[in-house]
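For reference, the structure discussed in these notes is given below.
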Amino acid sequence: MTALRRDYSVFDAELAGRSFDARVVGRLFRWLAPHWRTALTSGILVLIASVLAILMPVVVTRVVIDGLLLADQPVLLPDFGMNALARLLASGTGLSVLAAACLLYMLLTTAWAVSAHFHRVYLARSVLGALKDLRHDLFAHLETRPAAFYDHVAVGRVMTRVTNDVEVLFQLLSGFGVLIGEFVPFFVALAIMLALDVQLTGVLMLAIPIVAVATYLFRRATRTVYRAIRQSISALNQNLQENLAGVQVVQLNLREARNLARYTEINRENRREENRAVELETFYGAFVDSLASAATGVILWLGGGAVLQESISLGSMVLFTQFVDMLFRPIVAVGEQYNVLFRAMASAERIFQALDWDERVHEPAAPAPLPERLAGAVEARNLCFSYPGGPLVLNRVSFRIEPGEKLAIVGATGSGKSTIVRLLARFYNFASGQLYLDGIDVTAIPTAELRRRIGIVLQDFHVFSGSVADNISLGNPGISREKVERSAELVHADAFIAQLPGGYDEPLLERGQNLSQGQRQLLAFARVLAADPEILVLDEATASIDTETELIIQDALKVLTAGRTSIIIAHRLQTIQECDRVLVLGHGEVKETGSHDELLAKGGIYRTLYELQFQDV
Amino acid sequence: MATPLRRLLPYHQRYRTPFWAGMGGLLVARLFEAAIPLFLRDGIDLIVAGGTSIDAGASTLESAHAALVWPAIAIVLCVMARFACIVFARRAIRRIGIAVAYDLRKRVYGHLQRQGPAFFARHPTGDLMARAINDINLVRQLVGMGLRTILVIVFSAVVGFSAMMWLAPQLTVMLLLPLPIIAALGWVLSRRVFGQSLAVQEGFATLSEQVQENLNGIRTVQALVQENYEIARFDRVNESYAERFFRLTRTNSIIQGVMPWLGAVATVIILGFGGSLVLSGEMSVGTFTAFFTYVSMVLWPVRQAGQMVTLWQQGASGCERLFEVLDHAPEIEDTPSSTAPPTIVGQISFEGLRYRYPGTRAEVLKGIDLEIGAGETIAVLGRVGVGKTTLLKCMVRLLDPPPGSIRFDGVDVRCFPLAQLRHQVVLVPQDPFLFADVLRHNLSYDDPERDDALIWSAAEDADLRDTILAFADALETHVGERGVTLSGGQKQRSALTRGLIRGAPVLILDDCFSSVDTQTEERILKRLRAVRRGMTTLLVSHRVSTARHADRIIVLADGRVAETGTHEQLLAMDGWYAELDRIQRRKSRLLDALAKESA
């Protein structure tokens, strides 16, 4: 099982979700369980509403038509006490019986409208509540998956599980509610119809298998057609997207006419399938619409005969015309849920797969006690690491940094610099070797605690949507507004923040689109300074920045590293020169170590790197 | 009608015959529908009359029952006729929606293909995709549903009231009073749903954004121990979305309850007033029953009013966004002059070529003067951003140069038909864009029917032949989206093949060797000289090792030609080219050394 879970391609694959799986539904109901009171109330209300919905036409037919208009009741037939109730109401209020029947009808309708409304409201409450909890659980789960997980799976695919897949489940669960609302009246109506006239009811029920077969055939046919439509639409989109992305190549190769012809071919295919769907939908829709009306003819003929024979009343016959619709509706409703069910099975499977993904960075069983503040000594001993299935990225890397020391790590692309940062942040478990903070093994420190002590500035610094101040304090209640502003000031971020229309309250767009590279870097510095960690780990941005901003950043870096143990993956000469010591990595191994001047004098790899990177042009 | 929708008329007009036929069908369907209660009324009245006459001994049970067969059959026939009309009419009208969407898609696609860089800078791919997909869909729904819904509401009301008026004018007048109020209320309520469903959509969008933002920045979130804070933030969005959804459901539910309740007011009027009419003998029981059916026939379609308003509003804004794109005339005009010769030999002259990108102030090219003889091979070098690519794009009119500044064989580039120009002057762009198709179609992209032999020979010239042979499916290998399954060098050589295969008199290579290793490049360049003998070739490069192979080397600086001459001449000049040569030699020595030291 674990091996399967580690297979990331499984996570990205399209899940089939072909068949109904009771276990999946059962598991889904676990989220509904805390809302059982609301769900149960909704269930009781739908029963009440169904009975009331049945009684309303009874008043019209049995009380008014039979009891008043025709004023003869040849046979004693069920009226559920409605006649008696109407007369009671009449004598109680002094109204005529006809007026009392109207009042009764209005009362029943009101009670029905209210109970049906609250049935729907409670149903929505329970289902939405359950799915809100499911979304929370899913998000919280995904939020705590380790970096290795996100190295392998497509974020888009993970995202749709939280959004669209949960949405499909909503359709499924509220669909169950809809079905209850259709089936209960079905049975009540059926019972009454049987009580009134077995023969007529029997004849009308012959239509049920016809509707069922028609519904089944329709759903089966549309499932294929809808799939074909989805495919042709995604082919259309893909074709257009690709053509737009490569529009220059298209124009240079004079492919416009050919490409349009090809697109038109798919477009035509789409039109054909859409038309086919319309044919099926209009036919079935009109068929279902016509059933109840057609049944009226049958009721008139057979029921009319029964009335003439005086075996049922005229009102009962009219009642049949009102009830007959309820016989077919459940089947139609089941048909509507058919496609939702298949999609929901696939969605539920995807959601549970994500929830079952148990990969994590291992937390210590017995966490080591940490002092209030660490001195800041870092030591790596024989650190080895390789990404899953990949070659060795770090090979027996050892180094030691004294409290307050600044260490620059340099090396060619792919030498393992960024991996060291990732291991310090505990994004990955390392296979062998040890890492110590003040002599405490990091594997004995809970990840969250460790990350609070080590302030990490990644190269692809992430701006959260929210204000500038929010992005500096990051919701930490211990960081006051004064501290936010002071931190920004110290790293010289205040100058550009002051120029924003809203200052510290200016909302930042997604991924900080409204900030320059340099501004984002300064904001990241302010963030770390405000958090005041014992150790700083910085992966310096490589992007080219204008000289003026460069100077500001260098100055800010000095403030940031003052008196703080700092490990910097350095790309700028000045940064390296500011550090106490340089560690040169090559192919995952420590090649050289010493100060900038020492290494330059030594004339090894560092010197070559130095000449390559800083002496050009 | 809103102005943007008027733009849609020509598209709709094409299908006016099926449209009016469909509308006619809907009206006839309503008439049949209205006839059903009439026959039901007759049937019921026959039963009542039959009952009394049997009691009086005036007729037998059989004859009374036999009289019922006609109304019963008439009802079934009406149902069948209505069914046929509805199926016909709905199909006709929904087909129009599909057909209009088809036409619009085709038009948009053809239109987008002719646009230039300024257009694509203003409309990113995502924006255009949204217009081509969502907006066309909105228009389709409007055409297929919007008009139909209005007419169904109107037809049902007119036909239903006419029938009722004919049956029992007094009762109908009583019903006329509350019915408009009921209809209006239904309208108002369903409008409210529209606003709330927009709020739900927004809530969903916010939710999606937040999830996406978080997962994209998951490393930062985890490195800064922000998981709990972010989960709490998500909970707020999640909560608000659920709350919005709940409110929408509640409003919907209120409508579902209130509309029948208001309908019950109509029922009570029929019961009370109609009932008393029956009792006083002014109305038959059959008519009394038929009225219930008519009331629901009039009220039922009103429920769709809200949805209809939405359709119209969204359709109009979709239409506006669509025509905004369609109204944009292509930047490059194709207005050939008759003086242009049918073939280009390959002599090129630049006379004071200047170019400034629209919306920017500084000129990129500030007066390029250059003569290139037919059959020459020219290398173009210069710093990043000096305008090399701009120059090349002007030659094939991906950008429009000023009149007279670029001439082929003495004829202004703007005088050639665009198709001829791009057929005979072939540019291989910097980005080796491959389509998600098999290799064969990517290599012979301009002409999918080209002979295999020609493809292989061009592949050989681009040093791609052995690579293709190494693939199990050879030319039928699928390269994936944008050619992901190929390496950078393979993609570049594929793009090169695509250019070489066309054997054009003028070939322009924009930095096509950057991901190809130097030895391979050397091999390709040697072959290129042989293949392109007698034909004009321009190649942009950053490497001196590439440029050396050219007949002449041009160095661009500050938007002008700074140095020109052979490799040796330029080295002797000791200018920028000579400096570049020294840097690159040193760099390659250092890289060799680094490789040795790190090993």
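Quick note on naming: the chains in the structure tokens go A, B, ... in the order shown, residues restart at 1 in each chain, and ligands are numbered from 1 in order of appearance.
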Item to check | Exercise: segment 491-493 of chain B partners within 7 Å, only C-alpha atoms, chain neighbours under 6 positions left out, as JSON, numbers by chain | outcome: {"B": [432, 462, 464, 483, 512, 513]}
Can you tell me, as a list in words, what residues are no more than 7 Å from segment 174-187 of chain A when counting only C-alpha atoms, ignoring any on the same chain fewer than 3 positions away? Val46, Leu47, Ser50, Leu123, Val127, Phe170, Gln171, Leu190, Ala191, Met326, Leu327, Arg329, Pro330, Ala333, Val334 and Gln337 of chain A
Can you write out the residues you just picked, keeping N, CA and C atoms, as a PDB file, in the first residue's frame?
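Saved the output as part22.pdb:
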```pdb
ATOM      1  N   VAL A  46     -39.462  16.290   5.195  1.00  0.00           N
ATOM      2  CA  VAL A  46     -39.861  15.900   3.848  1.00  0.00           C
ATOM      3  C   VAL A  46     -41.040  14.928   3.908  1.00  0.00           C
ATOM      4  N   LEU A  47     -41.086  14.112   4.964  1.00  0.00           N
ATOM      5  CA  LEU A  47     -42.233  13.207   5.111  1.00  0.00           C
ATOM      6  C   LEU A  47     -43.517  14.014   5.327  1.00  0.00           C
ATOM      7  N   SER A  50     -44.536  15.774   2.160  1.00  0.00           N
ATOM      8  CA  SER A  50     -45.094  14.857   1.161  1.00  0.00           C
ATOM      9  C   SER A  50     -46.554  14.557   1.450  1.00  0.00           C
ATOM     10  N   LEU A 123     -31.570  20.437   4.681  1.00  0.00           N
ATOM     11  CA  LEU A 123     -30.758  19.553   3.841  1.00  0.00           C
ATOM     12  C   LEU A 123     -29.498  20.279   3.396  1.00  0.00           C
ATOM     13  N   VAL A 127     -25.619  19.219   4.329  1.00  0.00           N
ATOM     14  CA  VAL A 127     -24.699  18.834   3.252  1.00  0.00           C
ATOM     15  C   VAL A 127     -23.573  19.852   3.123  1.00  0.00           C
ATOM     16  N   PHE A 170     -21.212  17.660  -3.664  1.00  0.00           N
ATOM     17  CA  PHE A 170     -22.392  18.413  -3.227  1.00  0.00           C
ATOM     18  C   PHE A 170     -23.597  18.026  -4.080  1.00  0.00           C
ATOM     19  N   GLN A 171     -23.355  17.952  -5.361  1.00  0.00           N
ATOM     20  CA  GLN A 171     -24.439  17.551  -6.264  1.00  0.00           C
ATOM     21  C   GLN A 171     -24.952  16.166  -5.896  1.00  0.00           C
ATOM     22  N   LEU A 190     -49.288   6.390  -4.483  1.00  0.00           N
ATOM     23  CA  LEU A 190     -49.584   5.045  -4.963  1.00  0.00           C
ATOM     24  C   LEU A 190     -50.573   4.351  -4.022  1.00  0.00           C
ATOM     25  N   ALA A 191     -50.342   4.487  -2.715  1.00  0.00           N
ATOM     26  CA  ALA A 191     -51.228   3.858  -1.729  1.00  0.00           C
ATOM     27  C   ALA A 191     -52.656   4.381  -1.890  1.00  0.00           C
ATOM     28  N   MET A 326     -46.922  11.989 -10.187  1.00  0.00           N
ATOM     29  CA  MET A 326     -46.023  11.540  -9.127  1.00  0.00           C
ATOM     30  C   MET A 326     -45.528  10.118  -9.358  1.00  0.00           C
ATOM     31  N   LEU A 327     -46.246   9.377 -10.205  1.00  0.00           N
ATOM     32  CA  LEU A 327     -45.816   8.002 -10.476  1.00  0.00           C
ATOM     33  C   LEU A 327     -44.545   7.970 -11.322  1.00  0.00           C
ATOM     34  N   ARG A 329     -42.340  10.719 -11.816  1.00  0.00           N
ATOM     35  CA  ARG A 329     -41.245  11.635 -11.463  1.00  0.00           C
ATOM     36  C   ARG A 329     -40.033  10.978 -10.809  1.00  0.00           C
ATOM     37  N   PRO A 330     -40.222  10.007  -9.884  1.00  0.00           N
ATOM     38  CA  PRO A 330     -39.024   9.414  -9.259  1.00  0.00           C
ATOM     39  C   PRO A 330     -38.071   8.800 -10.281  1.00  0.00           C
ATOM     40  N   ALA A 333     -36.192  11.471 -11.928  1.00  0.00           N
ATOM     41  CA  ALA A 333     -35.213  12.035 -11.002  1.00  0.00           C
ATOM     42  C   ALA A 333     -34.010  11.110 -10.841  1.00  0.00           C
ATOM     43  N   VAL A 334     -34.263   9.810 -10.773  1.00  0.00           N
ATOM     44  CA  VAL A 334     -33.157   8.857 -10.669  1.00  0.00           C
ATOM     45  C   VAL A 334     -32.274   8.994 -11.914  1.00  0.00           C
ATOM     46  N   GLN A 337     -29.917  11.780 -11.659  1.00  0.00           N
ATOM     47  CA  GLN A 337     -28.799  11.556 -10.747  1.00  0.00           C
ATOM     48  C   GLN A 337     -27.768  10.575 -11.309  1.00  0.00           C
TER      49      GLN A 337
END
```
Practice prompt. Going by DSSP on the backbone, which bits of segment 391-478 of chain A are alpha helix (DSSP H)? Write them as a list in words, please.
Written response: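 Everything in segment 391-478 of chain A that counts as alpha helix (DSSP H) is Lys417, Ser418, Thr419, Ile420, Val421, Arg422, Leu423, Leu424, Thr447, Ala448, Glu449, Leu450, Arg451, Arg452, Arg453, Val468, Ala469, Asp470, Asn471, Ile472 and Ser473 of chain A.
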Pairwise distance, atom CA of Pro57 of chain A with atom CA of Tyr284 of chain A, equals 27.7 Å
Non-local contacts of Leu509 of chain B (12 Å; only C-alpha atoms; under 5 positions in same chain excluded) as a PyMOL selection string:
chain B and resi 377-380+388-389+391-393+425-432+492-493+495-500+514+525+528+536-541+546
Of the candidates A:Ala207, A:Val24, A:Val393, A:Leu423, which one gets nearest to Ile454 of chain A if we count only C-alpha atoms?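 Ranked by minimum distance to Ile454 of chain A, first place goes to A:Leu423.
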task = Give me the residues within 12 Å of Val108 of chain B as a PyMOL selection string, counting only C-alpha atoms and dropping any in the same chain fewer than 6 places off.
result = (chain A and resi 240+244+260+263-264) or (chain B and resi 101-102+114-115+128-129+131-133+135-136+321-328)
Store the residues picked out above, limited to N, CA and C atoms, as a PDB file, in the first residue's frame.
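Listed below is the output, out.pdb:
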```pdb
ATOM      1  N   LEU A 240      -6.907  25.385 -30.213  1.00  0.00           N
ATOM      2  CA  LEU A 240      -6.845  26.844 -30.198  1.00  0.00           C
ATOM      3  C   LEU A 240      -5.669  27.325 -29.364  1.00  0.00           C
ATOM      4  N   LEU A 244      -2.529  29.442 -30.689  1.00  0.00           N
ATOM      5  CA  LEU A 244      -2.218  30.784 -30.194  1.00  0.00           C
ATOM      6  C   LEU A 244      -0.780  30.832 -29.695  1.00  0.00           C
ATOM      7  N   LEU A 260      -7.068  26.252 -39.984  1.00  0.00           N
ATOM      8  CA  LEU A 260      -8.490  26.588 -39.853  1.00  0.00           C
ATOM      9  C   LEU A 260      -9.333  25.399 -40.316  1.00  0.00           C
ATOM     10  N   TYR A 263      -9.258  22.820 -37.579  1.00  0.00           N
ATOM     11  CA  TYR A 263     -10.090  23.275 -36.465  1.00  0.00           C
ATOM     12  C   TYR A 263     -11.566  23.128 -36.829  1.00  0.00           C
ATOM     13  N   THR A 264     -11.884  23.491 -38.064  1.00  0.00           N
ATOM     14  CA  THR A 264     -13.269  23.407 -38.515  1.00  0.00           C
ATOM     15  C   THR A 264     -13.766  21.970 -38.490  1.00  0.00           C
TER      16      THR A 264
ATOM     17  N   ALA B 101     -22.803  29.250 -32.621  1.00  0.00           N
ATOM     18  CA  ALA B 101     -21.545  29.020 -31.916  1.00  0.00           C
ATOM     19  C   ALA B 101     -20.491  28.492 -32.886  1.00  0.00           C
ATOM     20  N   TYR B 102     -20.902  27.588 -33.757  1.00  0.00           N
ATOM     21  CA  TYR B 102     -19.988  27.024 -34.757  1.00  0.00           C
ATOM     22  C   TYR B 102     -19.431  28.136 -35.640  1.00  0.00           C
ATOM     23  N   ARG B 114      -4.603  35.786 -37.918  1.00  0.00           N
ATOM     24  CA  ARG B 114      -4.039  36.859 -38.733  1.00  0.00           C
ATOM     25  C   ARG B 114      -3.494  38.005 -37.897  1.00  0.00           C
ATOM     26  N   GLN B 115      -3.540  37.862 -36.559  1.00  0.00           N
ATOM     27  CA  GLN B 115      -3.130  38.981 -35.721  1.00  0.00           C
ATOM     28  C   GLN B 115      -1.622  39.029 -35.518  1.00  0.00           C
ATOM     29  N   LEU B 128      -7.794  35.265 -24.444  1.00  0.00           N
ATOM     30  CA  LEU B 128      -8.406  34.888 -25.725  1.00  0.00           C
ATOM     31  C   LEU B 128      -9.139  33.560 -25.608  1.00  0.00           C
ATOM     32  N   MET B 129      -8.551  32.636 -24.845  1.00  0.00           N
ATOM     33  CA  MET B 129      -9.195  31.337 -24.648  1.00  0.00           C
ATOM     34  C   MET B 129     -10.542  31.537 -23.958  1.00  0.00           C
ATOM     35  N   ARG B 131     -12.450  34.084 -24.010  1.00  0.00           N
ATOM     36  CA  ARG B 131     -13.437  34.651 -24.928  1.00  0.00           C
ATOM     37  C   ARG B 131     -13.930  33.585 -25.901  1.00  0.00           C
ATOM     38  N   ALA B 132     -12.983  32.821 -26.429  1.00  0.00           N
ATOM     39  CA  ALA B 132     -13.363  31.834 -27.440  1.00  0.00           C
ATOM     40  C   ALA B 132     -14.203  30.710 -26.844  1.00  0.00           C
ATOM     41  N   ILE B 133     -14.019  30.420 -25.564  1.00  0.00           N
ATOM     42  CA  ILE B 133     -14.761  29.319 -24.963  1.00  0.00           C
ATOM     43  C   ILE B 133     -16.011  29.831 -24.248  1.00  0.00           C
ATOM     44  N   ASP B 135     -17.330  32.932 -23.692  1.00  0.00           N
ATOM     45  CA  ASP B 135     -18.222  33.936 -24.260  1.00  0.00           C
ATOM     46  C   ASP B 135     -19.045  33.371 -25.409  1.00  0.00           C
ATOM     47  N   ILE B 136     -18.429  32.529 -26.224  1.00  0.00           N
ATOM     48  CA  ILE B 136     -19.204  31.904 -27.302  1.00  0.00           C
ATOM     49  C   ILE B 136     -20.291  31.014 -26.711  1.00  0.00           C
ATOM     50  N   ARG B 321     -17.574  41.226 -25.397  1.00  0.00           N
ATOM     51  CA  ARG B 321     -16.168  40.811 -25.305  1.00  0.00           C
ATOM     52  C   ARG B 321     -15.713  40.137 -26.594  1.00  0.00           C
ATOM     53  N   LEU B 322     -16.618  39.399 -27.193  1.00  0.00           N
ATOM     54  CA  LEU B 322     -16.281  38.681 -28.422  1.00  0.00           C
ATOM     55  C   LEU B 322     -16.005  39.652 -29.563  1.00  0.00           C
ATOM     56  N   PHE B 323     -16.891  40.634 -29.711  1.00  0.00           N
ATOM     57  CA  PHE B 323     -16.727  41.547 -30.843  1.00  0.00           C
ATOM     58  C   PHE B 323     -15.587  42.534 -30.614  1.00  0.00           C
ATOM     59  N   GLU B 324     -15.227  42.735 -29.354  1.00  0.00           N
ATOM     60  CA  GLU B 324     -14.062  43.570 -29.084  1.00  0.00           C
ATOM     61  C   GLU B 324     -12.833  42.965 -29.777  1.00  0.00           C
ATOM     62  N   VAL B 325     -12.734  41.648 -29.714  1.00  0.00           N
ATOM     63  CA  VAL B 325     -11.618  40.964 -30.365  1.00  0.00           C
ATOM     64  C   VAL B 325     -11.806  40.948 -31.879  1.00  0.00           C
ATOM     65  N   LEU B 326     -13.029  40.665 -32.313  1.00  0.00           N
ATOM     66  CA  LEU B 326     -13.268  40.534 -33.751  1.00  0.00           C
ATOM     67  C   LEU B 326     -13.141  41.869 -34.480  1.00  0.00           C
ATOM     68  N   ASP B 327     -13.304  42.974 -33.749  1.00  0.00           N
ATOM     69  CA  ASP B 327     -13.213  44.288 -34.389  1.00  0.00           C
ATOM     70  C   ASP B 327     -11.775  44.738 -34.598  1.00  0.00           C
ATOM     71  N   HIS B 328     -10.844  44.017 -33.986  1.00  0.00           N
ATOM     72  CA  HIS B 328      -9.444  44.422 -34.090  1.00  0.00           C
ATOM     73  C   HIS B 328      -8.896  44.023 -35.466  1.00  0.00           C
TER      74      HIS B 328
END
```
Hey, what's within 9 Å of Leu167 of chain B if we count only C-alpha atoms and toss same-chain stuff fewer than 5 positions away? As a ChimeraX atom specification, please? /B:38,162,172,283,287,291
Selected residues written out with C-alpha atoms, as a PDB file, in the first residue's frame:
```
ATOM      1  CA  LEU B  38     -61.185  21.564 -23.045  1.00  0.00           C
ATOM      2  CA  SER B 162     -57.861  33.325 -24.185  1.00  0.00           C
ATOM      3  CA  THR B 172     -61.169  34.719 -15.676  1.00  0.00           C
ATOM      4  CA  MET B 283     -70.582  26.835 -14.816  1.00  0.00           C
ATOM      5  CA  THR B 287     -64.977  23.857 -16.813  1.00  0.00           C
ATOM      6  CA  PHE B 291     -59.337  26.025 -14.904  1.00  0.00           C
TER       7      PHE B 291
END
```
Taken to one decimal, the atom CA of Val463 of chain A-atom CA of Arg219 of chain B distance is 11.8 Å
- Can you list, as a ChimeraX atom specification, all residues belonging to segment 332-565 of chain B that DSSP tags as strand (DSSP E)? /B:348-355,365-372,377-381,406-408,411-412,425-428,506-510,536-540,552-557,560-565
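Distance-wise, atom CA of Ile508 of chain B and atom CA of Leu112 of chain B end up 25.0 Å apart.
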Taking 6 positions as the minimum chain separation for residues in the same chain, which residues sit within 9 Å of segment 437-442 of chain A when counting only C-alpha atoms? Answer as a PDB file with N, CA and C atoms, in the first residue's frame.
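Result file follows (result25.pdb):
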```pdb
ATOM      1  N   ALA A 368      13.535  16.809  21.748  1.00  0.00           N
ATOM      2  CA  ALA A 368      14.558  17.289  22.668  1.00  0.00           C
ATOM      3  C   ALA A 368      14.144  18.661  23.197  1.00  0.00           C
ATOM      4  N   LEU A 370      14.474  22.446  24.002  1.00  0.00           N
ATOM      5  CA  LEU A 370      15.296  23.495  23.418  1.00  0.00           C
ATOM      6  C   LEU A 370      15.357  24.672  24.372  1.00  0.00           C
ATOM      7  N   LEU A 374      18.603  29.767  20.999  1.00  0.00           N
ATOM      8  CA  LEU A 374      19.793  28.996  20.641  1.00  0.00           C
ATOM      9  C   LEU A 374      20.965  29.946  20.446  1.00  0.00           C
ATOM     10  N   ALA A 375      22.158  29.418  20.707  1.00  0.00           N
ATOM     11  CA  ALA A 375      23.353  30.223  20.463  1.00  0.00           C
ATOM     12  C   ALA A 375      23.544  30.369  18.954  1.00  0.00           C
ATOM     13  N   GLY A 376      23.316  29.273  18.219  1.00  0.00           N
ATOM     14  CA  GLY A 376      23.362  29.356  16.763  1.00  0.00           C
ATOM     15  C   GLY A 376      24.493  28.594  16.102  1.00  0.00           C
ATOM     16  N   ALA A 377      25.035  27.583  16.797  1.00  0.00           N
ATOM     17  CA  ALA A 377      26.067  26.767  16.158  1.00  0.00           C
ATOM     18  C   ALA A 377      25.399  25.721  15.272  1.00  0.00           C
ATOM     19  N   VAL A 378      25.904  25.566  14.041  1.00  0.00           N
ATOM     20  CA  VAL A 378      25.335  24.581  13.128  1.00  0.00           C
ATOM     21  C   VAL A 378      26.444  23.628  12.730  1.00  0.00           C
ATOM     22  N   GLU A 379      26.139  22.356  12.776  1.00  0.00           N
ATOM     23  CA  GLU A 379      27.159  21.413  12.341  1.00  0.00           C
ATOM     24  C   GLU A 379      26.535  20.319  11.477  1.00  0.00           C
ATOM     25  N   PRO A 403      28.528  30.163  16.411  1.00  0.00           N
ATOM     26  CA  PRO A 403      27.449  31.131  16.619  1.00  0.00           C
ATOM     27  C   PRO A 403      27.838  32.506  16.080  1.00  0.00           C
ATOM     28  N   LEU A 424      18.239  21.776   5.624  1.00  0.00           N
ATOM     29  CA  LEU A 424      18.200  22.579   6.845  1.00  0.00           C
ATOM     30  C   LEU A 424      16.763  22.924   7.207  1.00  0.00           C
ATOM     31  N   ARG A 426      14.338  21.071   6.616  1.00  0.00           N
ATOM     32  CA  ARG A 426      13.668  19.775   6.825  1.00  0.00           C
ATOM     33  C   ARG A 426      12.537  19.553   5.830  1.00  0.00           C
ATOM     34  N   LEU A 450      11.711  23.752  14.698  1.00  0.00           N
ATOM     35  CA  LEU A 450      12.971  23.989  13.973  1.00  0.00           C
ATOM     36  C   LEU A 450      12.841  25.175  13.033  1.00  0.00           C
TER      37      LEU A 450
END
```
Open item on the list: I want to know what sits within 12 Å of Ile233 of chain A, based on only C-alpha atoms, with residues of the same chain fewer than 4 positions away left out; could you give that as a PyMOL selection string?
Closed with: (chain A and resi 226-229+237-240+263+266-271+273-274) or (chain B and resi 102+105+132-134+137)
Emit the selected residues as a short mmCIF file (atom, residue, chain, number, x, y, z; two decimals), in the first residue's frame, including N, CA and C atoms.
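Wrote it out as out_23.cif, contents follow:
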```
data_model
loop_
_atom_site.label_atom_id
_atom_site.label_comp_id
_atom_site.auth_asym_id
_atom_site.auth_seq_id
_atom_site.Cartn_x
_atom_site.Cartn_y
_atom_site.Cartn_z
N TYR A 226 -22.42 12.80 -24.39
CA TYR A 226 -21.79 13.83 -23.57
C TYR A 226 -20.28 13.64 -23.52
N ARG A 227 -19.87 12.39 -23.47
CA ARG A 227 -18.43 12.14 -23.46
C ARG A 227 -17.81 12.64 -24.76
N ALA A 228 -18.49 12.33 -25.87
CA ALA A 228 -17.98 12.78 -27.17
C ALA A 228 -17.94 14.31 -27.22
N ILE A 229 -18.94 14.96 -26.64
CA ILE A 229 -18.95 16.43 -26.64
C ILE A 229 -17.78 16.96 -25.81
N ASN A 237 -10.36 23.32 -27.60
CA ASN A 237 -9.59 24.20 -26.75
C ASN A 237 -8.10 23.99 -26.91
N GLN A 238 -7.73 22.72 -26.96
CA GLN A 238 -6.32 22.39 -27.08
C GLN A 238 -5.76 22.93 -28.40
N ASN A 239 -6.53 22.71 -29.45
CA ASN A 239 -6.11 23.17 -30.76
C ASN A 239 -5.94 24.68 -30.77
N LEU A 240 -6.91 25.39 -30.21
CA LEU A 240 -6.84 26.84 -30.20
C LEU A 240 -5.67 27.32 -29.36
N TYR A 263 -9.26 22.82 -37.58
CA TYR A 263 -10.09 23.28 -36.47
C TYR A 263 -11.57 23.13 -36.83
N ILE A 266 -12.86 19.65 -36.33
CA ILE A 266 -13.23 19.34 -34.94
C ILE A 266 -14.50 20.10 -34.57
N ASN A 267 -14.58 21.33 -35.04
CA ASN A 267 -15.74 22.17 -34.77
C ASN A 267 -17.01 21.50 -35.31
N ARG A 268 -16.88 20.94 -36.50
CA ARG A 268 -18.02 20.28 -37.13
C ARG A 268 -18.41 19.03 -36.34
N GLU A 269 -17.38 18.30 -35.93
CA GLU A 269 -17.60 17.11 -35.10
C GLU A 269 -18.36 17.49 -33.83
N ASN A 270 -17.92 18.59 -33.22
CA ASN A 270 -18.58 19.08 -32.03
C ASN A 270 -20.03 19.44 -32.31
N ARG A 271 -20.26 20.11 -33.47
CA ARG A 271 -21.62 20.50 -33.82
C ARG A 271 -22.50 19.27 -34.00
N GLU A 273 -22.15 16.30 -32.61
CA GLU A 273 -22.46 15.67 -31.32
C GLU A 273 -23.44 16.52 -30.52
N GLU A 274 -23.26 17.82 -30.57
CA GLU A 274 -24.17 18.72 -29.85
C GLU A 274 -25.59 18.55 -30.39
N TYR B 102 -20.90 27.59 -33.76
CA TYR B 102 -19.99 27.02 -34.76
C TYR B 102 -19.43 28.14 -35.64
N ARG B 105 -17.05 30.47 -33.66
CA ARG B 105 -15.76 29.84 -33.39
C ARG B 105 -14.86 29.90 -34.61
N ALA B 132 -12.98 32.82 -26.43
CA ALA B 132 -13.36 31.83 -27.44
C ALA B 132 -14.20 30.71 -26.84
N ILE B 133 -14.02 30.42 -25.56
CA ILE B 133 -14.76 29.32 -24.96
C ILE B 133 -16.01 29.83 -24.25
N ASN B 134 -15.79 30.61 -23.16
CA ASN B 134 -16.93 30.98 -22.32
C ASN B 134 -17.89 31.92 -23.02
N ASN B 137 -19.96 30.36 -25.60
CA ASN B 137 -20.95 29.52 -24.94
C ASN B 137 -22.14 30.32 -24.44
#
```
Select, from A:Glu449, A:Glu363, A:Glu405, A:Glu592, the residue with the minimum atom-to-atom distance to Ala223 of chain B, counting only C-alpha atoms.
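Of all the options, A:Glu449 lies closest to Ala223 of chain B.
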